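Printed here is work.pdb (PDB, C-alpha atoms):
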ATOM      1  CA  MET A   1      21.995 -32.428  -9.072
ATOM      2  CA  VAL A   2      23.025 -29.137  -7.485
ATOM      3  CA  ARG A   3      26.154 -29.180  -5.339
ATOM      4  CA  TYR A   4      27.551 -26.939  -2.659
ATOM      5  CA  ALA A   5      30.669 -25.145  -3.845
ATOM      6  CA  ALA A   6      32.878 -26.818  -1.201
ATOM      7  CA  PRO A   7      31.882 -30.505  -1.244
ATOM      8  CA  GLN A   8      34.478 -31.493   1.351
ATOM      9  CA  SER A   9      32.414 -29.660   3.985
ATOM     10  CA  PHE A  10      29.456 -32.039   3.728
ATOM     11  CA  PRO A  11      29.007 -34.838   6.258
ATOM     12  CA  GLN A  12      30.342 -38.093   4.760
ATOM     13  CA  GLY A  13      30.949 -36.157   1.537
ATOM     14  CA  CYS A  14      27.268 -36.217   0.535
ATOM     15  CA  PHE A  15      25.644 -33.721  -1.816
ATOM     16  CA  VAL A  16      22.294 -32.099  -1.165
ATOM     17  CA  PRO A  17      20.221 -30.589  -3.992
ATOM     18  CA  LEU A  18      19.452 -26.924  -3.337
ATOM     19  CA  ILE A  19      17.009 -24.850  -5.384
ATOM     20  CA  LEU A  20      16.463 -21.088  -5.329
ATOM     21  CA  ALA A  21      12.866 -20.314  -6.285
ATOM     22  CA  SER A  22      13.716 -16.939  -7.781
ATOM     23  CA  THR A  23      14.884 -15.190 -10.939
ATOM     24  CA  SER A  24      16.386 -12.299  -8.938
ATOM     25  CA  PRO A  25      20.007 -11.692 -10.002
ATOM     26  CA  ILE A  26      20.928 -10.236  -6.611
ATOM     27  CA  ARG A  27      19.609 -13.247  -4.669
ATOM     28  CA  ARG A  28      21.536 -15.605  -6.938
ATOM     29  CA  SER A  29      24.617 -13.458  -6.463
ATOM     30  CA  MET A  30      24.238 -13.366  -2.666
ATOM     31  CA  LEU A  31      24.219 -17.166  -2.499
ATOM     32  CA  ALA A  32      27.093 -17.530  -4.957
ATOM     33  CA  LEU A  33      29.298 -15.054  -3.069
ATOM     34  CA  ALA A  34      28.635 -17.019   0.128
ATOM     35  CA  GLY A  35      29.903 -20.145  -1.625
ATOM     36  CA  ILE A  36      26.510 -21.739  -2.190
ATOM     37  CA  GLU A  37      25.702 -23.206  -5.583
ATOM     38  CA  ALA A  38      21.973 -23.480  -6.196
ATOM     39  CA  ALA A  39      19.844 -23.907  -9.287
ATOM     40  CA  ALA A  40      17.699 -20.815  -9.838
ATOM     41  CA  ILE A  41      14.211 -21.675 -11.086
ATOM     42  CA  ALA A  42      11.315 -19.260 -11.522
ATOM     43  CA  PRO A  43       8.577 -19.960  -8.959
ATOM     44  CA  SER A  44       4.985 -20.487 -10.041
ATOM     45  CA  VAL A  45       3.184 -18.057  -7.740
ATOM     46  CA  ASP A  46       0.342 -15.588  -8.298
ATOM     47  CA  GLU A  47       1.688 -12.804  -6.079
ATOM     48  CA  ASP A  48      -1.130 -10.409  -6.968
ATOM     49  CA  SER A  49      -3.715 -12.898  -5.754
ATOM     50  CA  ILE A  50      -1.835 -13.399  -2.475
ATOM     51  CA  LYS A  51      -1.585  -9.650  -1.942
ATOM     52  CA  GLN A  52      -5.287  -9.102  -2.623
ATOM     53  CA  SER A  53      -6.370 -11.775  -0.150
ATOM     54  CA  HIS A  54      -3.812 -10.940   2.538
ATOM     55  CA  ASP A  55      -5.208  -9.212   5.638
ATOM     56  CA  GLY A  56      -2.033  -8.982   7.748
ATOM     57  CA  ASP A  57       0.888  -6.582   7.890
ATOM     58  CA  ALA A  58       3.804  -6.152   5.477
ATOM     59  CA  PRO A  59       6.191  -8.590   7.244
ATOM     60  CA  SER A  60       3.586 -11.373   7.264
ATOM     61  CA  LEU A  61       2.867 -10.744   3.583
ATOM     62  CA  ALA A  62       6.568 -11.056   2.698
ATOM     63  CA  LEU A  63       6.704 -14.306   4.654
ATOM     64  CA  GLN A  64       3.559 -15.683   3.005
ATOM     65  CA  ILE A  65       4.911 -15.010  -0.482
ATOM     66  CA  ALA A  66       8.343 -16.439   0.402
ATOM     67  CA  GLU A  67       6.685 -19.634   1.626
ATOM     68  CA  ALA A  68       4.475 -19.817  -1.469
ATOM     69  CA  LYS A  69       7.536 -19.508  -3.719
ATOM     70  CA  ALA A  70       9.368 -22.259  -1.849
ATOM     71  CA  LEU A  71       6.335 -24.557  -2.015
ATOM     72  CA  SER A  72       5.667 -23.845  -5.696
ATOM     73  CA  LEU A  73       8.648 -25.990  -6.726
ATOM     74  CA  ASP A  74       7.677 -29.359  -5.286
ATOM     75  CA  ARG A  75      10.762 -31.397  -6.110
ATOM     76  CA  PRO A  76      11.086 -34.570  -4.001
ATOM     77  CA  GLY A  77      14.369 -34.700  -2.098
ATOM     78  CA  ASP A  78      15.331 -31.093  -2.875
ATOM     79  CA  LEU A  79      15.542 -28.203  -0.430
ATOM     80  CA  VAL A  80      13.905 -25.103  -1.921
ATOM     81  CA  ILE A  81      14.630 -21.506  -0.897
ATOM     82  CA  GLY A  82      11.837 -18.960  -1.295
ATOM     83  CA  SER A  83      12.347 -15.265  -0.583
ATOM     84  CA  ASP A  84      10.382 -12.053  -0.940
ATOM     85  CA  SER A  85      10.509  -8.402   0.096
ATOM     86  CA  THR A  86       7.695  -5.960   0.752
ATOM     87  CA  LEU A  87       7.871  -2.207   1.091
ATOM     88  CA  SER A  88       5.501   0.137   2.861
ATOM     89  CA  VAL A  89       5.556   3.924   3.047
ATOM     90  CA  GLU A  90       3.145   5.649   5.425
ATOM     91  CA  GLY A  91       1.170   2.409   5.648
ATOM     92  CA  ARG A  92       0.815   1.977   1.887
ATOM     93  CA  LEU A  93       2.244  -1.169   0.313
ATOM     94  CA  PHE A  94       4.211  -0.751  -2.915
ATOM     95  CA  SER A  95       4.856  -3.339  -5.604
ATOM     96  CA  LYS A  96       7.547  -3.362  -8.283
ATOM     97  CA  PRO A  97       7.056  -0.571 -10.846
ATOM     98  CA  VAL A  98       5.256  -1.644 -14.000
ATOM     99  CA  ASP A  99       7.328   0.671 -16.198
ATOM    100  CA  ARG A 100       9.762   3.579 -15.997
ATOM    101  CA  ALA A 101       7.029   6.196 -15.585
ATOM    102  CA  ASP A 102       5.623   4.209 -12.682
ATOM    103  CA  ALA A 103       9.125   3.997 -11.172
ATOM    104  CA  ALA A 104       9.422   7.789 -11.349
ATOM    105  CA  ARG A 105       6.069   8.180  -9.593
ATOM    106  CA  HIS A 106       7.181   5.783  -6.854
ATOM    107  CA  LEU A 107      10.396   7.694  -6.268
ATOM    108  CA  ALA A 108       8.544  10.998  -6.139
ATOM    109  CA  HIS A 109       6.206   9.526  -3.514
ATOM    110  CA  PHE A 110       9.128   8.142  -1.482
ATOM    111  CA  SER A 111      10.882  11.530  -1.439
ATOM    112  CA  GLY A 112      11.424  12.795   2.110
ATOM    113  CA  LYS A 113       9.632   9.807   3.656
ATOM    114  CA  ARG A 114      10.515   6.687   5.652
ATOM    115  CA  MET A 115      10.453   3.286   3.994
ATOM    116  CA  MET A 116       9.709   0.137   5.975
ATOM    117  CA  LEU A 117      11.292  -2.830   4.211
ATOM    118  CA  SER A 118      10.420  -6.417   5.154
ATOM    119  CA  SER A 119      12.533  -9.259   3.778
ATOM    120  CA  ALA A 120      11.565 -12.904   4.275
ATOM    121  CA  VAL A 121      13.073 -16.279   3.467
ATOM    122  CA  ALA A 122      11.700 -19.817   3.789
ATOM    123  CA  LEU A 123      12.967 -23.355   3.279
ATOM    124  CA  ALA A 124      10.666 -26.091   2.003
ATOM    125  CA  SER A 125      11.138 -29.762   1.212
ATOM    126  CA  ASP A 126       8.718 -32.461   0.101
ATOM    127  CA  GLY A 127       5.803 -30.009   0.075
ATOM    128  CA  GLU A 128       6.323 -28.683   3.619
ATOM    129  CA  VAL A 129       7.808 -25.424   4.899
ATOM    130  CA  GLU A 130      10.371 -26.456   7.500
ATOM    131  CA  TRP A 131      11.917 -23.089   8.341
ATOM    132  CA  ARG A 132      11.081 -19.399   7.902
ATOM    133  CA  HIS A 133      12.384 -15.998   8.942
ATOM    134  CA  VAL A 134      11.583 -12.331   8.307
ATOM    135  CA  ASP A 135      13.699  -9.223   8.990
ATOM    136  CA  GLN A 136      12.829  -5.533   8.831
ATOM    137  CA  ALA A 137      14.780  -2.389   8.010
ATOM    138  CA  THR A 138      13.991   1.312   8.052
ATOM    139  CA  LEU A 139      15.296   3.570   5.291
ATOM    140  CA  GLU A 140      14.871   7.342   5.363
ATOM    141  CA  VAL A 141      14.677   8.745   1.842
ATOM    142  CA  ARG A 142      16.166  12.187   1.354
ATOM    143  CA  THR A 143      14.302  14.838  -0.629
ATOM    144  CA  LEU A 144      14.571  13.894  -4.299
ATOM    145  CA  SER A 145      14.287  16.538  -6.980
ATOM    146  CA  PRO A 146      12.578  15.738 -10.302
ATOM    147  CA  ASP A 147      15.919  16.291 -12.074
ATOM    148  CA  PHE A 148      17.628  13.807  -9.760
ATOM    149  CA  ILE A 149      14.906  11.191 -10.304
ATOM    150  CA  GLU A 150      15.241  11.559 -14.078
ATOM    151  CA  ALA A 151      19.048  11.306 -13.973
ATOM    152  CA  TYR A 152      18.891   8.385 -11.547
ATOM    153  CA  LEU A 153      16.553   6.395 -13.785
ATOM    154  CA  ASN A 154      18.689   7.204 -16.828
ATOM    155  CA  LEU A 155      21.490   5.338 -15.075
ATOM    156  CA  GLU A 156      19.595   2.611 -13.202
ATOM    157  CA  TRP A 157      16.687   1.657 -15.459
ATOM    158  CA  PRO A 158      15.829  -1.091 -16.337
ATOM    159  CA  GLU A 159      17.997  -2.846 -13.721
ATOM    160  CA  VAL A 160      15.791  -1.496 -10.896
ATOM    161  CA  ALA A 161      12.600  -2.660 -12.607
ATOM    162  CA  TYR A 162      12.610  -5.858 -10.514
ATOM    163  CA  CYS A 163      13.238  -3.936  -7.241
ATOM    164  CA  VAL A 164      10.228  -3.166  -5.051
ATOM    165  CA  GLY A 165      11.812   0.073  -3.807
ATOM    166  CA  VAL A 166      13.237   1.078  -7.214
ATOM    167  CA  PHE A 167      16.781   0.817  -5.881
ATOM    168  CA  ARG A 168      19.772  -1.503  -5.841
ATOM    169  CA  MET A 169      21.792  -0.979  -2.691
ATOM    170  CA  GLU A 170      24.798  -2.466  -4.463
ATOM    171  CA  GLY A 171      24.440   0.303  -7.064
ATOM    172  CA  ARG A 172      23.378   3.947  -7.069
ATOM    173  CA  GLY A 173      20.400   3.189  -4.843
ATOM    174  CA  VAL A 174      22.507   4.202  -1.858
ATOM    175  CA  THR A 175      22.266   7.823  -3.058
ATOM    176  CA  LEU A 176      18.515   7.865  -2.305
ATOM    177  CA  PHE A 177      18.924   7.741   1.465
ATOM    178  CA  ASP A 178      19.973   9.864   4.422
ATOM    179  CA  VAL A 179      19.704   7.144   7.084
ATOM    180  CA  ILE A 180      19.522   3.348   6.885
ATOM    181  CA  ASP A 181      18.712   1.270   9.954
ATOM    182  CA  GLY A 182      18.848  -2.483   9.440
ATOM    183  CA  ASN A 183      20.964  -5.427   8.384
ATOM    184  CA  HIS A 184      22.647  -5.082   5.002
ATOM    185  CA  PHE A 185      21.499  -8.389   3.501
ATOM    186  CA  PRO A 186      17.720  -8.062   4.013
ATOM    187  CA  ILE A 187      17.996  -4.641   2.378
ATOM    188  CA  LEU A 188      19.721  -6.294  -0.572
ATOM    189  CA  GLY A 189      16.808  -8.729  -0.829
ATOM    190  CA  MET A 190      17.177 -11.703   1.508
ATOM    191  CA  PRO A 191      18.053 -12.344   5.199
ATOM    192  CA  LEU A 192      21.241 -14.150   4.185
ATOM    193  CA  LEU A 193      22.857 -14.547   7.611
ATOM    194  CA  ARG A 194      19.821 -16.304   9.061
ATOM    195  CA  LEU A 195      19.558 -18.485   5.953
ATOM    196  CA  LEU A 196      23.207 -19.526   6.243
ATOM    197  CA  SER A 197      22.604 -20.449   9.886
ATOM    198  CA  ALA A 198      19.617 -22.596   8.880
ATOM    199  CA  LEU A 199      21.701 -24.357   6.213
ATOM    200  CA  ARG A 200      24.477 -25.044   8.727
ATOM    201  CA  GLU A 201      21.940 -26.566  11.104
ATOM    202  CA  ARG A 202      20.978 -28.956   8.296
ATOM    203  CA  GLY A 203      24.580 -29.987   7.643
ATOM    204  CA  MET A 204      24.685 -28.183   4.303
ATOM    205  CA  MET A 205      27.501 -25.817   5.283
ATOM    206  CA  PRO A 206      30.573 -26.124   7.505
ATOM    207  CA  SER A 207      29.940 -25.154  11.116
TER
END
If you convert what's in this file into structure tokens, what do you get?
Amino acid sequence: MVRYAAPQSFPQGCFVPLILASTSPIRRSMLALAGIEAAAIAPSVDEDSIKQSHDGDAPSLALQIAEAKALSLDRPGDLVIGSDSTLSVEGRLFSKPVDRADAARHLAHFSGKRMMLSSAVALASDGEVEWRHVDQATLEVRTLSPDFIEAYLNLEWPEVAYCVGVFRMEGRGVTLFDVIDGNHFPILGMPLLRLLSALRERGMMPS
């Protein structure tokens, strides 16, 4: 059973199982730093299939995948967190790079352009999504020289391989941008503040 890091905060001292349907190190870290202990389990979701069949915009796609992740771990009595981020540049959706060469091509395409980042989170229990939220942020990428891209990947690869925008804001990713407009946590990978509010509403955090 998974327990919240401060058990005295629960009503009547109860413990509520909490699952993070993700293998993302940053999402696990975000929850841990907020004092939330959750078991991280890889979701069983065919993201490529969802993307191919999706006919909405980037925010709705992020939300659909987040919900699918949360629902993929059908564990009776548990509350499951699903989260996903999508990135579009000039209307084109980008996925995580398949290898370092692909990451370099992505960065070269992002150079001097505006990224639109959508970050979604959902809560599911007993096979039903009971809460969802999506946030957006705008990030203006400065002009990146080929030498900078090479040096950047020398330092950041393969850690950025799991990042849809080929950056970790908690690392050297901040050096890619001139202007960032949006909440810090969705840019990191999950709308944490809204998630914490939803957990408080369910009695899983002190209010």
Discussion item. Let me make sure I understand: among A:Gly82, A:His106, A:Leu93, A:Phe167, which one has the smallest atom-to-atom distance to Pro59 of chain A if we use all atoms listed in the file?
Written reply: A:Leu93
Discussion item. Just the number, please: distance in Å from atom CA of Val134 of chain A to atom CA of Asp181 of chain A, one decimal.
Written reply: 15.4 Å
Discussion item. Residue by residue, what does the PyMOL selection byres ((chain A and resi 118) around 12) grab here? Present the result as number ranges by chain.
Written reply: A: 57-66, 83-89, 93-94, 115-117, 119-121, 133-139, 164-165, 182-183, 185-191
Worksheet item: Do you have the atom CA of Leu193 of chain A-atom CA of Gly171 of chain A distance handy?
Response: 20.9 Å
Discussion item. Counting all atoms listed in the file, which residue out of A:Ala38, A:Val141, A:Val98, A:Leu196 sits closest to Phe177 of chain A?
Written reply: A:Val141
Worksheet item: Which residues, protein or nucleic acid, reach to within 9 Å of (19.9, 8.6, -2.2) in the file's coordinates when using all atoms listed in the file, and can you give that as a list in words?
Response: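 Within 9 Å of (19.9, 8.6, -2.2), the protein and nucleic acid residues are Val141, Arg142, Thr143, Leu144, Arg172, Gly173, Val174, Thr175, Leu176, Phe177 and Asp178 of chain A.
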Centre, x/y/z edge lengths, axis-aligned box for segment 110-129 of chain A with 5 Å per side, as lines of an AutoDock Vina configuration file:
center_x = 9.4
center_y = -9.8
center_z = 2.2
size_x = 17.3
size_y = 55.3
size_z = 17.5
Worksheet entry | For atom CA of Ile36 of chain A and atom CA of Val160 of chain A, the interatomic separation in Å (one decimal) |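 These two atoms are separated by 24.5 Å.
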Item to complete: Go through A:Gly35, A:Gly77, A:Ile41, A:Ala103 one by one, measure the shortest atom-to-atom distance of each to Glu150 of chain A using all atoms listed in the file, and give the residue with the smallest value.
Response: A:Ala103
Item to complete: Give as a ChimeraX atom specification the set of residues within 7 Å of the point (12.2, -20.1, -1.1), where distances use the file's coordinates and all atoms listed in the file.
Response: /A:20-21,66-67,69-70,80-83,121-124
Item to complete: Go through A:Asp55, A:Glu201, A:Asp74, A:Glu130 one by one, measure the shortest atom-to-atom distance of each to Pro43 of chain A using only C-alpha atoms, and give the residue with the smallest value.
Response: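 Using only C-alpha atoms, Pro43 of chain A sits closest to A:Asp74.
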Fill in: Nearest to Asn154 of chain A by atom-to-atom distance, counting all atoms listed in the file, from A:Met169, A:Ile180, A:Ala108, A:Ala101
A:Ala101
Worksheet item: Of the candidates A:Cys163, A:Met205, A:Leu71, A:Val179, which shows the shortest atom-to-atom distance to Ser125 of chain A, using only C-alpha atoms?
Response: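 With only C-alpha atoms as the atom set, the closest residue is A:Leu71.
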